[in-house]
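Contents: one structure, followed by commentary.
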Amino acid sequence: MSAPEQTETGPEQDEMPPIQQGPTPAARARRARIAAASLLMAAAAVVLALRLASRSSVLVVGVYGLLLILCGGVIELSRRGRTRLGTYLLAAGLTAALLMDGFVLS
């Protein structure tokens with residue numbers, strides 16, 4: 001009987017790809033959008049409280065109320081993996097709220 005044949009293994013078989021630990025880039029993006037929307041929601045709530053205390057126009061209160069609703073929607077979109085759409089809506093909603101606040105107050 002002959003000696004057992006040795007098979008040579010190439011570098012592809014010896015080296016295992018590193019196992020990724022921690023959140024994936026998509027999960028990090030979702031968490032970042034959720035954090036941004038949560039911070040914006042908190043800031044909108046503070047501004048809304050200040051506007052209510054200064055007896056501002058009902059339109060301004062409505063604008064910030066809609067911004068709060070939009071932030072909640074963005075958080076839900078981010079949870080479901082629609083981070084790009086959530087980012088666009090968050091940017092458009094914030095811009096619209098700031099423009100309406102400046103327009104209604106002047």
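By convention in this document, the chains of the structure tokens carry letters A, B, ... by their order, each chain's residues are numbered from 1, and ligands are numbered from 1 in the order they are shown.
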Fill in: Surrounding residues of Gly73 of chain A excluding itself and chain neighbours under 4 positions, 12 Å, only C-alpha atoms, as a list of chain:residue names
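Answer for this query is A:Arg33, A:Ile34, A:Ala37, A:Ser38, A:Met41, A:Leu66, A:Leu67, A:Leu68, A:Ile69, A:Leu77, A:Ser78, A:Arg79, A:Arg80, A:Arg82, A:Thr83, A:Leu85, A:Gly86, A:Thr87, A:Leu89, A:Leu90, A:Gly93.
Residue nearest Met100 of chain A within the list A:Leu48, A:Thr24, A:Val60, A:Ile75: A:Val60 [criterion: smallest interatomic distance, only C-alpha atoms].
If you look at atom CA of Leu59 of chain A and atom CA of Val47 of chain A, they are 13.6 Å away from each other.
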Worksheet entry | Nearest to Cys71 of chain A, chosen from A:Arg84, A:Ala43, A:Ser54, A:Gly22, with only C-alpha atoms counted in the distances | A:Ala43
Worksheet item: Just how far from atom CA of Ser56 of chain A is atom CA of Gly102 of chain A, in Å to one decimal?
Response: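 Atom CA of Ser56 of chain A lies 12.2 Å from atom CA of Gly102 of chain A.
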